[in-house]
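Visitor: File follows, coords_23.txt with compact mmCIF, C-alpha atoms:
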```txt
# COMPACT_ATOMS: atom_id res chain seq x y z
CA MET A 1 0.00 0.00 0.00
CA THR A 2 2.89 2.32 0.80
CA LEU A 3 4.35 1.72 -2.67
CA ALA A 4 0.99 2.51 -4.28
CA LEU A 5 0.66 5.77 -2.37
CA HIS A 6 4.26 6.69 -3.15
CA THR A 7 3.64 6.02 -6.85
CA LEU A 8 0.43 8.08 -6.87
CA ALA A 9 2.20 10.96 -5.12
CA ALA A 10 5.06 10.83 -7.63
CA LEU A 11 2.52 10.69 -10.48
CA ALA A 12 0.80 13.81 -9.19
CA VAL A 13 4.12 15.64 -8.91
CA VAL A 14 5.22 14.61 -12.42
CA LEU A 15 1.94 15.80 -13.96
CA ALA A 16 2.07 19.05 -12.00
CA VAL A 17 5.68 19.84 -12.88
CA ALA A 18 5.24 18.86 -16.53
CA ARG A 19 2.62 21.57 -17.03
CA PRO A 20 4.91 24.61 -16.56
CA THR A 21 7.67 22.93 -18.59
CA ARG A 22 5.27 22.61 -21.51
CA ARG A 23 4.42 26.30 -21.19
CA ALA A 24 8.11 27.19 -21.04
CA ALA A 25 8.73 25.24 -24.24
CA ILE A 26 5.94 27.14 -25.98
CA LEU A 27 7.42 30.48 -24.84
CA VAL A 28 10.73 29.67 -26.60
CA GLY A 29 8.98 28.53 -29.77
CA GLN A 30 9.19 24.78 -29.11
CA PRO A 31 6.47 22.11 -29.10
CA PRO A 32 5.26 21.37 -25.53
CA VAL A 33 6.65 17.83 -25.71
CA ILE A 34 10.19 19.25 -25.79
CA GLY A 35 9.62 20.60 -22.29
CA GLU A 36 8.57 17.15 -21.08
CA ILE A 37 11.65 15.52 -22.61
CA VAL A 38 14.02 18.07 -21.09
CA LEU A 39 12.31 17.70 -17.70
CA GLY A 40 12.90 13.96 -17.75
CA LEU A 41 16.54 14.36 -18.73
CA VAL A 42 17.47 17.02 -16.17
CA ILE A 43 15.32 16.29 -13.11
CA VAL A 44 17.61 13.63 -11.61
CA PRO A 45 20.87 15.56 -12.17
CA LEU A 46 19.27 18.71 -10.69
CA LEU A 47 17.91 16.86 -7.64
CA THR A 48 21.23 15.08 -7.15
CA THR A 49 23.13 18.37 -7.24
CA ALA A 50 20.69 20.12 -4.92
CA ALA A 51 19.94 17.39 -2.38
CA GLY A 52 22.32 14.48 -2.95
CA SER A 53 21.87 11.00 -4.40
CA ASP A 54 20.43 9.56 -1.15
CA VAL A 55 17.51 11.98 -1.25
CA VAL A 56 16.88 11.16 -4.92
CA ASP A 57 16.85 7.43 -4.15
CA THR A 58 14.33 8.07 -1.37
CA LEU A 59 12.05 10.26 -3.48
CA LEU A 60 12.31 8.19 -6.67
CA PRO A 61 13.22 4.59 -5.83
CA THR A 62 13.45 2.09 -8.68
CA ASP A 63 10.09 0.46 -7.88
CA VAL A 64 8.29 3.79 -8.07
CA THR A 65 9.91 4.87 -11.35
CA ASN A 66 9.15 1.45 -12.86
CA HIS A 67 5.48 1.76 -11.91
CA LEU A 68 5.37 5.31 -13.27
CA HIS A 69 6.91 4.17 -16.54
CA THR A 70 4.30 1.42 -16.85
CA LEU A 71 1.54 4.02 -16.37
CA GLY A 72 3.21 6.20 -19.00
CA LEU A 73 3.41 3.24 -21.37
CA VAL A 74 -0.30 2.57 -20.88
CA GLY A 75 -1.06 6.22 -21.67
CA LEU A 76 1.16 6.08 -24.75
CA ALA A 77 -0.59 2.93 -26.02
CA LEU A 78 -4.03 4.53 -25.60
CA TYR A 79 -2.92 7.79 -27.22
CA LEU A 80 -1.24 6.11 -30.20
CA THR A 81 -4.34 4.00 -30.83
CA GLY A 82 -6.20 7.20 -31.60
CA VAL A 83 -3.32 8.66 -33.59
CA GLY A 84 -2.96 5.44 -35.58
CA HIS A 85 -6.66 5.53 -36.41
CA SER A 86 -6.26 9.06 -37.77
CA ALA A 87 -3.02 8.27 -39.61
CA ARG A 88 -4.48 6.04 -42.31
CA PRO A 89 -4.23 7.97 -45.60
CA ARG A 90 -7.34 8.91 -47.51
CA ARG A 91 -8.14 6.63 -50.41
CA ASP A 92 -7.09 9.16 -53.08
CA GLU A 93 -4.18 10.63 -51.13
CA VAL A 94 -1.25 8.32 -51.95
CA SER A 95 -0.77 5.04 -53.80
CA LEU A 96 1.27 2.05 -52.67
CA ARG A 97 4.06 3.00 -55.06
CA SER A 98 4.16 6.54 -53.68
CA TYR A 99 4.25 5.16 -50.13
CA GLY A 100 7.29 3.15 -51.23
CA TRP A 101 9.00 6.38 -52.31
CA LEU A 102 8.17 8.00 -48.99
CA LEU A 103 9.44 5.02 -46.99
CA GLY A 104 12.57 4.62 -49.10
CA GLY A 105 13.47 8.29 -48.96
CA SER A 106 13.00 8.40 -45.18
CA LEU A 107 14.78 5.12 -44.43
CA LEU A 108 17.59 4.37 -46.88
CA PRO A 109 19.59 7.64 -46.57
CA GLY A 110 19.48 7.23 -42.77
CA LEU A 111 20.84 3.70 -43.01
CA LEU A 112 23.60 4.92 -45.32
CA ALA A 113 24.45 7.85 -43.03
CA GLY A 114 24.79 5.52 -40.05
CA ALA A 115 27.04 3.20 -42.03
CA LEU A 116 29.23 6.15 -43.09
CA LEU A 117 29.60 7.32 -39.49
CA ALA A 118 30.53 3.78 -38.41
CA LEU A 119 33.26 3.68 -41.07
CA TRP A 120 34.47 7.15 -40.00
CA VAL A 121 34.75 6.10 -36.36
CA ASP A 122 36.37 2.77 -37.22
CA LEU A 123 38.94 4.17 -39.67
CA ARG A 124 39.68 7.29 -37.61
CA GLY A 125 40.63 5.22 -34.61
CA ALA A 126 40.48 8.12 -32.14
CA PRO A 127 41.30 7.04 -28.57
CA GLY A 128 38.19 6.10 -26.59
CA GLU A 129 35.73 7.01 -29.38
CA ARG A 130 34.89 3.44 -30.33
CA GLY A 131 33.17 0.84 -28.17
CA THR A 132 34.33 -2.71 -27.58
CA ALA A 133 31.84 -4.55 -29.80
CA PRO A 134 32.60 -5.85 -33.32
CA THR A 135 32.50 -3.42 -36.26
CA ALA A 136 29.38 -5.11 -37.66
CA ALA A 137 27.50 -4.37 -34.44
CA LEU A 138 28.57 -0.71 -34.55
CA LEU A 139 27.48 -0.39 -38.19
CA LEU A 140 24.06 -1.93 -37.52
CA LEU A 141 23.44 0.17 -34.41
CA LEU A 142 24.37 3.46 -36.07
CA ALA A 143 22.27 2.58 -39.12
CA ALA A 144 19.26 2.08 -36.84
CA ALA A 145 20.02 5.27 -34.89
CA PHE A 146 20.19 7.45 -38.01
CA ALA A 147 17.12 5.90 -39.66
CA VAL A 148 14.70 6.05 -36.73
CA THR A 149 11.92 8.61 -36.37
CA ALA A 150 10.41 8.99 -32.88
CA VAL A 151 6.74 8.05 -33.25
CA PRO A 152 5.62 9.26 -29.76
CA VAL A 153 7.28 12.68 -30.10
CA LEU A 154 6.16 13.01 -33.71
CA ALA A 155 2.57 12.22 -32.71
CA ARG A 156 2.62 14.85 -29.97
CA ILE A 157 4.05 17.49 -32.32
CA LEU A 158 1.34 16.69 -34.89
CA THR A 159 -1.32 17.03 -32.20
CA ASP A 160 0.13 20.25 -30.78
CA ARG A 161 0.32 21.89 -34.21
CA GLY A 162 -3.01 20.56 -35.49
CA LEU A 163 -1.38 18.49 -38.24
CA VAL A 164 -2.76 15.04 -37.38
CA ASP A 165 -5.43 15.26 -40.09
CA SER A 166 -3.18 16.86 -42.72
CA THR A 167 -1.44 15.04 -45.57
CA PRO A 168 2.10 15.44 -44.14
CA GLY A 169 0.80 14.48 -40.70
CA ARG A 170 -0.92 11.28 -41.78
CA LEU A 171 1.85 10.18 -44.12
CA SER A 172 4.74 11.00 -41.78
CA LEU A 173 3.19 9.03 -38.93
CA LEU A 174 2.39 6.03 -41.14
CA VAL A 175 5.92 6.00 -42.58
CA ALA A 176 7.44 6.51 -39.13
CA VAL A 177 5.63 3.44 -37.77
CA GLY A 178 7.03 1.34 -40.62
CA ILE A 179 10.51 2.70 -40.07
CA ASP A 180 10.23 2.15 -36.34
CA ALA A 181 9.45 -1.56 -36.83
CA LEU A 182 12.31 -2.00 -39.30
CA THR A 183 14.88 -0.11 -37.24
CA TRP A 184 13.91 -2.08 -34.15
CA LEU A 185 14.80 -5.20 -36.13
CA ILE A 186 18.15 -3.67 -37.06
CA LEU A 187 18.78 -2.73 -33.43
CA THR A 188 17.97 -6.29 -32.38
CA ALA A 189 20.44 -7.56 -34.99
CA ALA A 190 23.10 -5.18 -33.62
CA LEU A 191 22.58 -6.39 -30.06
CA ALA A 192 22.58 -10.02 -31.23
CA THR A 193 25.84 -9.43 -33.12
CA ALA A 194 27.42 -7.90 -30.03
CA ALA A 195 26.23 -10.80 -27.87
CA GLY A 196 26.85 -13.54 -30.45
CA GLY A 197 23.23 -14.79 -30.73
CA GLY A 198 20.24 -14.32 -33.05
CA GLY A 199 17.22 -15.78 -31.28
CA GLN A 200 15.80 -12.39 -30.36
CA LEU A 201 15.96 -11.24 -33.99
CA VAL A 202 13.89 -14.22 -35.12
CA ARG A 203 11.25 -13.46 -32.49
CA ALA A 204 11.07 -9.84 -33.64
CA VAL A 205 10.55 -10.85 -37.30
CA VAL A 206 7.79 -13.24 -36.28
CA ALA A 207 6.19 -10.49 -34.16
CA ILE A 208 6.05 -8.06 -37.12
CA ALA A 209 4.53 -10.67 -39.45
CA GLY A 210 2.09 -11.82 -36.78
CA GLY A 211 1.13 -8.24 -35.93
CA ALA A 212 0.28 -7.44 -39.55
CA VAL A 213 -1.86 -10.56 -39.95
CA THR A 214 -3.60 -9.93 -36.61
CA ALA A 215 -4.38 -6.33 -37.62
CA VAL A 216 -6.09 -7.52 -40.82
CA LEU A 217 -8.16 -10.11 -38.94
CA LEU A 218 -8.99 -7.60 -36.20
CA ARG A 219 -10.18 -5.09 -38.78
CA ARG A 220 -12.63 -7.64 -40.17
CA LEU A 221 -13.89 -8.45 -36.69
CA LEU A 222 -14.34 -4.80 -35.72
CA GLY A 223 -16.21 -4.13 -38.94
CA ARG A 224 -19.09 -6.41 -37.98
CA ALA A 225 -22.54 -4.98 -37.29
CA ALA A 226 -22.56 -6.42 -33.76
CA VAL A 227 -19.49 -4.33 -32.88
CA ASP A 228 -21.19 -1.25 -34.31
CA ARG A 229 -24.24 -1.87 -32.11
CA LEU A 230 -22.05 -2.38 -29.02
CA CYS A 231 -20.22 0.90 -29.63
CA ALA A 232 -23.50 2.76 -30.12
CA ARG A 233 -25.36 1.30 -27.12
CA ARG A 234 -22.46 0.87 -24.66
CA PRO A 235 -19.86 3.54 -25.54
CA VAL A 236 -18.09 3.32 -22.17
CA VAL A 237 -17.79 -0.48 -22.41
CA ALA A 238 -16.57 -0.18 -26.01
CA ALA A 239 -13.88 2.35 -25.03
CA ILE A 240 -12.71 0.16 -22.11
CA LEU A 241 -12.48 -2.94 -24.32
CA LEU A 242 -10.63 -1.02 -27.03
CA GLY A 243 -8.22 0.44 -24.47
CA ALA A 244 -7.54 -3.00 -22.99
CA LEU A 245 -6.92 -4.37 -26.48
CA ALA A 246 -4.47 -1.55 -27.27
CA VAL A 247 -2.51 -1.99 -24.02
CA GLY A 248 -2.43 -5.77 -24.47
CA ALA A 249 -1.12 -5.45 -28.03
CA ALA A 250 1.52 -2.92 -26.95
CA LEU A 251 2.78 -5.15 -24.15
CA ALA A 252 2.74 -8.23 -26.41
CA THR A 253 4.88 -6.64 -29.12
CA GLU A 254 7.28 -5.25 -26.50
CA ARG A 255 7.68 -8.69 -24.93
CA ALA A 256 8.32 -10.16 -28.39
CA GLY A 257 11.36 -7.92 -28.79
CA LEU A 258 9.78 -4.98 -30.63
CA THR A 259 8.60 -1.62 -29.42
CA ALA A 260 5.20 -1.26 -27.75
CA ILE A 261 4.44 1.48 -30.29
CA PHE A 262 3.98 -1.09 -33.06
CA GLY A 263 1.18 -2.97 -31.31
CA ALA A 264 -0.75 0.15 -30.27
CA VAL A 265 -0.66 1.74 -33.72
CA MET A 266 -1.69 -1.54 -35.38
CA VAL A 267 -4.82 -1.59 -33.21
CA GLY A 268 -5.62 2.00 -34.20
CA LEU A 269 -5.16 1.20 -37.89
CA ALA A 270 -7.39 -1.87 -37.52
CA VAL A 271 -10.41 0.10 -36.27
CA PRO A 272 -12.64 0.84 -39.30
CA ARG A 273 -13.60 4.45 -39.93
CA ASP A 274 -17.28 5.24 -39.60
CA GLY A 275 -17.42 8.99 -40.01
CA GLU A 276 -16.64 11.90 -37.73
CA HIS A 277 -19.47 11.10 -35.32
CA GLY A 278 -19.60 7.31 -35.77
CA PRO A 279 -19.70 5.07 -32.66
CA ARG A 280 -16.31 3.48 -33.38
CA THR A 281 -14.71 6.88 -33.90
CA LYS A 282 -16.13 8.09 -30.60
CA ALA A 283 -14.70 5.05 -28.80
CA VAL A 284 -11.29 5.74 -30.34
CA GLU A 285 -11.47 9.41 -29.38
CA THR A 286 -12.31 8.50 -25.76
CA VAL A 287 -9.34 6.14 -25.57
CA GLU A 288 -7.02 8.74 -27.11
CA ARG A 289 -8.24 11.49 -24.76
CA TYR A 290 -7.50 9.49 -21.61
CA GLY A 291 -4.18 8.33 -23.01
CA LEU A 292 -3.13 11.91 -23.66
CA LEU A 293 -3.45 12.67 -19.94
CA LEU A 294 -0.73 10.11 -19.12
CA VAL A 295 1.59 10.67 -22.08
CA PRO A 296 3.72 13.27 -20.19
CA VAL A 297 4.50 10.56 -17.63
CA PHE A 298 5.99 8.41 -20.42
CA PHE A 299 8.30 11.15 -21.64
CA VAL A 300 9.43 12.18 -18.17
CA THR A 301 10.06 8.65 -16.86
CA THR A 302 11.85 7.62 -20.05
CA GLY A 303 14.12 10.60 -19.53
CA LEU A 304 14.69 9.49 -15.94
CA GLN A 305 15.96 6.13 -17.17
CA ILE A 306 18.49 7.68 -19.55
CA SER A 307 21.99 8.52 -18.41
CA THR A 308 24.46 10.72 -20.25
CA ASP A 309 27.20 10.49 -17.64
CA GLY A 310 30.73 10.54 -18.98
CA SER A 311 32.26 11.96 -22.14
CA ASP A 312 35.30 9.77 -22.80
CA GLY A 313 36.02 9.81 -26.53
CA PHE A 314 33.83 12.86 -27.24
CA SER A 315 34.88 14.80 -30.34
CA TRP A 316 33.49 18.11 -31.58
CA LEU A 317 34.45 17.11 -35.12
CA THR A 318 32.44 13.89 -34.84
CA LEU A 319 29.50 15.84 -33.37
CA ALA A 320 29.52 18.21 -36.36
CA LEU A 321 29.62 15.25 -38.74
CA VAL A 322 26.80 13.53 -36.85
CA LEU A 323 24.55 16.61 -37.09
CA LEU A 324 25.31 17.06 -40.80
CA LEU A 325 24.68 13.43 -41.71
CA ALA A 326 21.55 13.16 -39.57
CA THR A 327 19.88 16.25 -40.99
CA ALA A 328 20.83 15.53 -44.59
CA ALA A 329 19.65 11.94 -44.35
CA LYS A 330 16.25 12.43 -42.75
CA LEU A 331 15.20 15.93 -43.77
CA GLY A 332 16.80 15.76 -47.22
CA GLY A 333 15.89 12.11 -47.80
CA GLY A 334 12.31 12.58 -46.63
CA TYR A 335 11.88 15.64 -48.85
CA ALA A 336 13.36 13.84 -51.86
CA GLY A 337 11.13 10.81 -51.29
CA ALA A 338 8.04 12.99 -51.01
CA ARG A 339 8.88 14.87 -54.19
CA ALA A 340 9.49 11.55 -55.97
CA ALA A 341 5.98 10.60 -54.80
CA ARG A 342 4.81 13.83 -56.50
CA LEU A 343 3.66 15.57 -53.36
CA PRO A 344 3.62 19.40 -53.55
CA THR A 345 6.75 21.26 -52.44
CA GLY A 346 5.23 22.57 -49.20
CA THR A 347 3.87 19.16 -48.23
CA ALA A 348 7.19 17.48 -49.09
CA LEU A 349 9.12 20.01 -47.00
CA ARG A 350 6.86 19.48 -43.99
CA PHE A 351 7.15 15.72 -44.43
CA GLY A 352 10.97 15.89 -44.44
CA VAL A 353 11.02 18.09 -41.34
CA LEU A 354 8.70 15.72 -39.48
CA MET A 355 10.78 12.67 -40.39
CA ASN A 356 13.81 14.38 -38.83
CA THR A 357 12.13 14.17 -35.40
CA ARG A 358 14.03 11.71 -33.21
CA GLY A 359 13.40 12.38 -29.53
CA LEU A 360 13.48 9.69 -26.86
CA THR A 361 13.09 6.76 -29.25
CA GLU A 362 16.49 7.64 -30.65
CA ILE A 363 17.98 7.95 -27.18
CA ALA A 364 16.51 4.59 -26.15
CA VAL A 365 18.26 2.98 -29.15
CA LEU A 366 21.52 4.65 -28.18
CA GLN A 367 21.16 3.62 -24.53
CA ALA A 368 20.82 -0.01 -25.62
CA GLY A 369 24.02 0.31 -27.65
CA LEU A 370 25.88 1.92 -24.76
CA SER A 371 24.79 -0.78 -22.30
CA VAL A 372 26.40 -3.60 -24.34
CA GLY A 373 29.59 -1.75 -25.26
CA ILE A 374 28.80 -0.93 -28.90
CA LEU A 375 29.09 2.81 -28.19
CA SER A 376 31.61 4.67 -26.10
CA SER A 377 30.30 7.29 -23.70
CA GLY A 378 31.71 10.08 -25.90
CA LEU A 379 30.09 8.86 -29.10
CA PHE A 380 26.88 8.25 -27.14
CA LEU A 381 26.92 11.87 -25.96
CA SER A 382 27.40 13.15 -29.53
CA LEU A 383 24.43 11.11 -30.74
CA VAL A 384 22.23 12.18 -27.81
CA LEU A 385 22.99 15.83 -28.59
CA MET A 386 22.08 15.16 -32.22
CA ALA A 387 18.74 13.65 -31.13
CA LEU A 388 17.91 16.69 -29.00
CA VAL A 389 19.01 19.24 -31.62
CA THR A 390 17.11 17.63 -34.51
CA THR A 391 13.97 17.23 -32.39
CA ALA A 392 14.15 20.82 -31.14
CA ALA A 393 14.59 22.00 -34.73
CA THR A 394 11.26 20.48 -35.80
CA GLY A 395 9.11 23.35 -34.51
CA PRO A 396 11.13 26.22 -36.04
CA LEU A 397 11.53 24.35 -39.34
CA LEU A 398 7.78 23.71 -39.55
CA SER A 399 7.19 27.42 -38.92
CA TYR A 400 9.65 28.19 -41.73
CA ALA A 401 7.78 25.80 -44.02
CA ASP A 402 4.49 27.50 -43.11
CA LEU A 403 6.01 30.88 -43.94
CA ARG A 404 7.43 29.81 -47.29
CA HIS A 405 4.54 27.56 -48.31
CA PRO A 406 1.40 28.73 -46.46
CA ASP A 407 -0.88 25.93 -47.66
CA THR A 408 -2.88 23.47 -45.59
CA GLY A 409 -0.64 20.52 -46.34
CA ILE A 410 -3.49 18.80 -48.21
CA PRO A 411 -2.92 18.54 -51.97
CA PRO A 412 -5.72 19.72 -54.23
CA ARG A 413 -7.99 17.16 -55.85
CA SER A 414 -6.24 17.36 -59.21
CA THR A 415 -2.87 16.59 -57.61
CA SER A 416 -4.28 13.58 -55.78
CA GLU A 417 -5.92 12.25 -58.93
CA GLU A 418 -2.68 12.73 -60.87
CA LEU A 419 -0.80 10.87 -58.11
CA SER A 420 -3.17 7.90 -58.15
CA HIS A 421 -3.34 7.77 -61.96
CA ASP A 422 0.42 8.06 -62.38
CA ASN A 423 1.19 5.28 -59.92
CA ALA A 424 -1.63 2.91 -60.84
```
Using structure tokens, write down the structure that the file contains.
Guide:
Amino acid sequence: MTLALHTLAALAVVLAVARPTRRAAILVGQPPVIGEIVLGLVIVPLLTTAAGSDVVDTLLPTDVTNHLHTLGLVGLALYLTGVGHSARPRRDEVSLRSYGWLLGGSLLPGLLAGALLALWVDLRGAPGERGTAPTAALLLLLAAAFAVTAVPVLARILTDRGLVDSTPGRLSLLVAVGIDALTWLILTAALATAAGGGGQLVRAVVAIAGGAVTAVLLRRLLGRAAVDRLCARRPVVAAILLGALAVGAALATERAGLTAIFGAVMVGLAVPRDGEHGPRTKAVETVERYGLLLVPVFFVTTGLQISTDGSDGFSWLTLALVLLLATAAKLGGGYAGARAARLPTGTALRFGVLMNTRGLTEIAVLQAGLSVGILSSGLFLSLVLMALVTTAATGPLLSYADLRHPDTGIPPRSTSEELSHDNA
């Protein structure tokens, strides 16, 4: 009982403190989620400096932070179910071939940039800059780190800026989910290479295939008339069942070696659309609304679990190269892919900017690499700084795109028809 009360008290404090940090982020022209990320990253160092490590351990023991993180994960799963439901492109918005251009442009340059950085670090041979794992593990990890787009942070930025129902919003989130699944596989391969085993990689591949099949079957089930009647007559029950399904899917994919994000978004994509005021849509909106209340807990507690102590092997030259490669790969690659898919210039620019959002997903990938010796603390610090800089740049770059191309982000009918006809 004491642990439960301690967790509830900590939850109340986190939610209370997160509110002014979101406002502070807005005041400096950043999305509110940036304030939540920074809070999670700095709260422990600040408390340790002010009160000492013993006080921090008393206020935030491991059991409490673990319970808080679970609550945050539940909120994230509920929130992403709603976002995933909104992310499905409109029928005339983009063809499968165009989606391939978007995915390729957002993924392949990032993989190449990570490989180039791995070769740079390996050939340069600077003291302390390289970890202890084999070169293949370093190459795979950096490829995953440069390719990833942070789905949770991206979703929050889309919500904060009202872009969830825009063309760049829907497409960027859908592409980011695909990239997230693929890069998690690459990360698993990197960790398996470092450890000398591949069983976890096989489980992750099976989880992706099984998740896709399950989503198709679930969509057919949820499309039945009986489900429609349940949602209309018992909206609270429908929302609870949908929320339980989303959390269960998130935990299942996480246990299988993937990210919980994959399972939650698949559930959202599986729910059929039934109009703005349809009973299924209302159930999804209820789930998303309650999830949004707990999402700040996820960002803060994830930040609490991340350590950037130590800077052995840090190089300003490597940091500059990391920032250059990361921005060129994701922003430039995403823009090029969107233009190849024949999206308008303004939409393509917004899409590239959104794909450059990394956030805590990136840092979680890096933390995994640091924990098994693939990264040195100095290279880890350079990559963490890159993640924070590219994420913080999303807001200003979107504002720049709005200034240069003040359209809604939704291509006109003629453009959509041309897209579908061209790629048929």
Visitor: Would you list the residues near (-10.9, 6.3, -31.2) (no more than 10 Å away, in the coordinates of the file, using all atoms listed in the file) as a list in words?
Guide: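 The distance filter leaves exactly Leu78, Tyr79, Leu80, Thr81, Gly82, Val83, Gly84, His85, Ser86, Ala239, Leu242, Gly243, Gly268, Val271, Pro272, Arg273, Gly278, Pro279, Arg280, Thr281, Lys282, Ala283, Val284, Glu285, Thr286, Val287, Glu288 and Arg289 of chain A.
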Visitor: Considering all atoms listed in the file, return as number ranges by chain whatever protein or nucleic-acid residues lie within 12 Å of Ala209 in chain A, sequence-local ones (same chain, fewer than 2 positions apart) excluded.
Guide: A: 181-182, 202-207, 211-216, 253, 256, 258, 262-263, 266
Visitor: Give me, please, the distance in Å between CA of Val148 in chain A and CA of Leu218 in chain A, quoted to one decimal.
Guide: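 Result for CA of Val148 in chain A versus CA of Leu218 in chain A: 27.3 Å, one decimal.
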Visitor: Pick from A:Ala24, A:Arg219, A:Leu349, A:Val300: nearest to Val267 in chain A, with all atoms listed in the file counted?
Guide: A:Arg219
Visitor: Using all atoms listed in the file, find all polymer residues with an atom at most 8 Å away from the point (8.0, 16.7, -37.6); report them as an NGL selection string.
Guide: :A and (154 or 157-158 or 172 or 350-357 or 391 or 394-395 or 398)
Visitor: Would you export the selected residues with C-alpha atoms as a CSV table (one decimal), in the frame of the given file, please?
Guide:
```csv
chain,number,residue,atom,x,y,z
A,154,LEU,CA,6.2,13.0,-33.7
A,157,ILE,CA,4.0,17.5,-32.3
A,158,LEU,CA,1.3,16.7,-34.9
A,172,SER,CA,4.7,11.0,-41.8
A,350,ARG,CA,6.9,19.5,-44.0
A,351,PHE,CA,7.2,15.7,-44.4
A,352,GLY,CA,11.0,15.9,-44.4
A,353,VAL,CA,11.0,18.1,-41.3
A,354,LEU,CA,8.7,15.7,-39.5
A,355,MET,CA,10.8,12.7,-40.4
A,356,ASN,CA,13.8,14.4,-38.8
A,357,THR,CA,12.1,14.2,-35.4
A,391,THR,CA,14.0,17.2,-32.4
A,394,THR,CA,11.3,20.5,-35.8
A,395,GLY,CA,9.1,23.4,-34.5
A,398,LEU,CA,7.8,23.7,-39.6
```
Visitor: Report as a PyMOL selection string all protein, DNA and RNA residues lying within 12 Å of Thr135 in chain A, evaluated on all atoms listed in the file, omitting residues in the same chain fewer than 2 positions from it.
Guide: chain A and resi 115+117-123+125+130-133+137-142+190+193-194+373-375
Visitor: At a cut-off of 10 Å, using only C-alpha atoms, what residues contact Ala25 in chain A? Leave out same-chain residues fewer than 6 positions from it and give the result as an MDAnalysis selection string.
Guide: chainID A and resid 31:36 38 392
Visitor: Mind writing the picked residues with C-alpha atoms as a PDB file, in the frame of the given file?
Guide:
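Okay, this is what ended up in out-v1.pdb:
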```pdb
ATOM      1  CA  PRO A  31       6.470  22.110 -29.100  1.00  0.00           C
ATOM      2  CA  PRO A  32       5.260  21.370 -25.530  1.00  0.00           C
ATOM      3  CA  VAL A  33       6.650  17.830 -25.710  1.00  0.00           C
ATOM      4  CA  ILE A  34      10.190  19.250 -25.790  1.00  0.00           C
ATOM      5  CA  GLY A  35       9.620  20.600 -22.290  1.00  0.00           C
ATOM      6  CA  GLU A  36       8.570  17.150 -21.080  1.00  0.00           C
ATOM      7  CA  VAL A  38      14.020  18.070 -21.090  1.00  0.00           C
ATOM      8  CA  ALA A 392      14.150  20.820 -31.140  1.00  0.00           C
TER       9      ALA A 392
END
```
Visitor: Record the distance separating CA of Phe146 in chain A and CA of Leu111 in chain A, expressed in Å with one decimal.
Guide: 6.3 Å
Visitor: Give me, as a list of chain:residue names, all polymer residues having an atom no more than 10 Å from Glu362 in chain A, counting only C-alpha atoms and skipping those fewer than 6 positions away in the same chain.
Guide: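 The residues that qualify are A:Ala144, A:Ala145, A:Phe146, A:Ala147, A:Val148, A:Thr149, A:Ala150, A:Leu383, A:Val384, A:Met386, A:Ala387, A:Leu388.
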Visitor: With all atoms listed in the file as the atoms that count, which of A:Gly29, A:Ala238, A:Leu294, A:Leu321 lies nearest to Leu222 in chain A?
Guide: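 Among the listed residues, A:Ala238 lies closest to Leu222 in chain A.
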Visitor: Taking all listed atoms of range 204-223 of chain A, build the axis-aligned box, pad each of the six sides by 6 Å, then write its centre and edge lengths in Å to one decimal as JSON.
Guide:
```
{"center_x": -2.6, "center_y": -8.7, "center_z": -37.2, "size_x": 39.3, "size_y": 21.1, "size_z": 19.2}
```
Visitor: Extract, using all atoms listed in the file, all DNA, RNA and protein residues at most 7 Å from range 107-110 of chain A, discarding same-chain residues fewer than 6 positions from it, and format them as a ChimeraX atom specification.
Guide: /A:143,146-147,179,329-330,333
Visitor: State, in Å with one decimal place, the distance from CA of Thr390 in chain A to CA of Ile43 in chain A.
Guide: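 Between these atoms lies a distance of 21.5 Å.
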Visitor: Please determine, counting only C-alpha atoms, which residue among A:Thr183, A:Thr49, A:Thr345, A:Ser382 has the shortest atom-to-atom distance to Val322 in chain A.
Guide: A:Ser382
Visitor: Taking only C-alpha atoms into account, which of A:Val64, A:Ala9, A:Leu317, A:Leu41 comes nearest Arg124 in chain A?
Guide: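 Looking at the shortest contact to Arg124 in chain A, the residue is A:Leu317.
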Visitor: Find the residue from A:Leu112, A:His277, A:Arg161, A:Val17 that sits nearest to Ala232 in chain A; use all atoms listed in the file when measuring.
Guide: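 Using all atoms listed in the file, Ala232 in chain A sits closest to A:His277.
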Visitor: Can you rebuild range 58-62 of chain A with N, CA, C and O atoms and give it as a CSV table (one decimal), in the frame of the given file?
Guide:
```csv
chain,number,residue,atom,x,y,z
A,58,THR,N,15.5,8.1,-2.3
A,58,THR,CA,14.3,8.1,-1.4
A,58,THR,C,13.1,8.6,-2.1
A,58,THR,O,12.0,8.0,-1.9
A,59,LEU,N,13.2,9.7,-2.8
A,59,LEU,CA,12.0,10.3,-3.5
A,59,LEU,C,11.6,9.4,-4.7
A,59,LEU,O,10.4,9.3,-5.0
A,60,LEU,N,12.6,8.9,-5.4
A,60,LEU,CA,12.3,8.2,-6.7
A,60,LEU,C,13.0,6.8,-6.7
A,60,LEU,O,13.9,6.6,-7.5
A,61,PRO,N,12.6,5.9,-5.8
A,61,PRO,CA,13.2,4.6,-5.8
A,61,PRO,C,12.9,3.9,-7.1
A,61,PRO,O,11.9,4.2,-7.8
A,62,THR,N,13.6,2.8,-7.4
A,62,THR,CA,13.4,2.1,-8.7
A,62,THR,C,12.0,1.6,-8.9
A,62,THR,O,11.5,1.6,-9.9
```
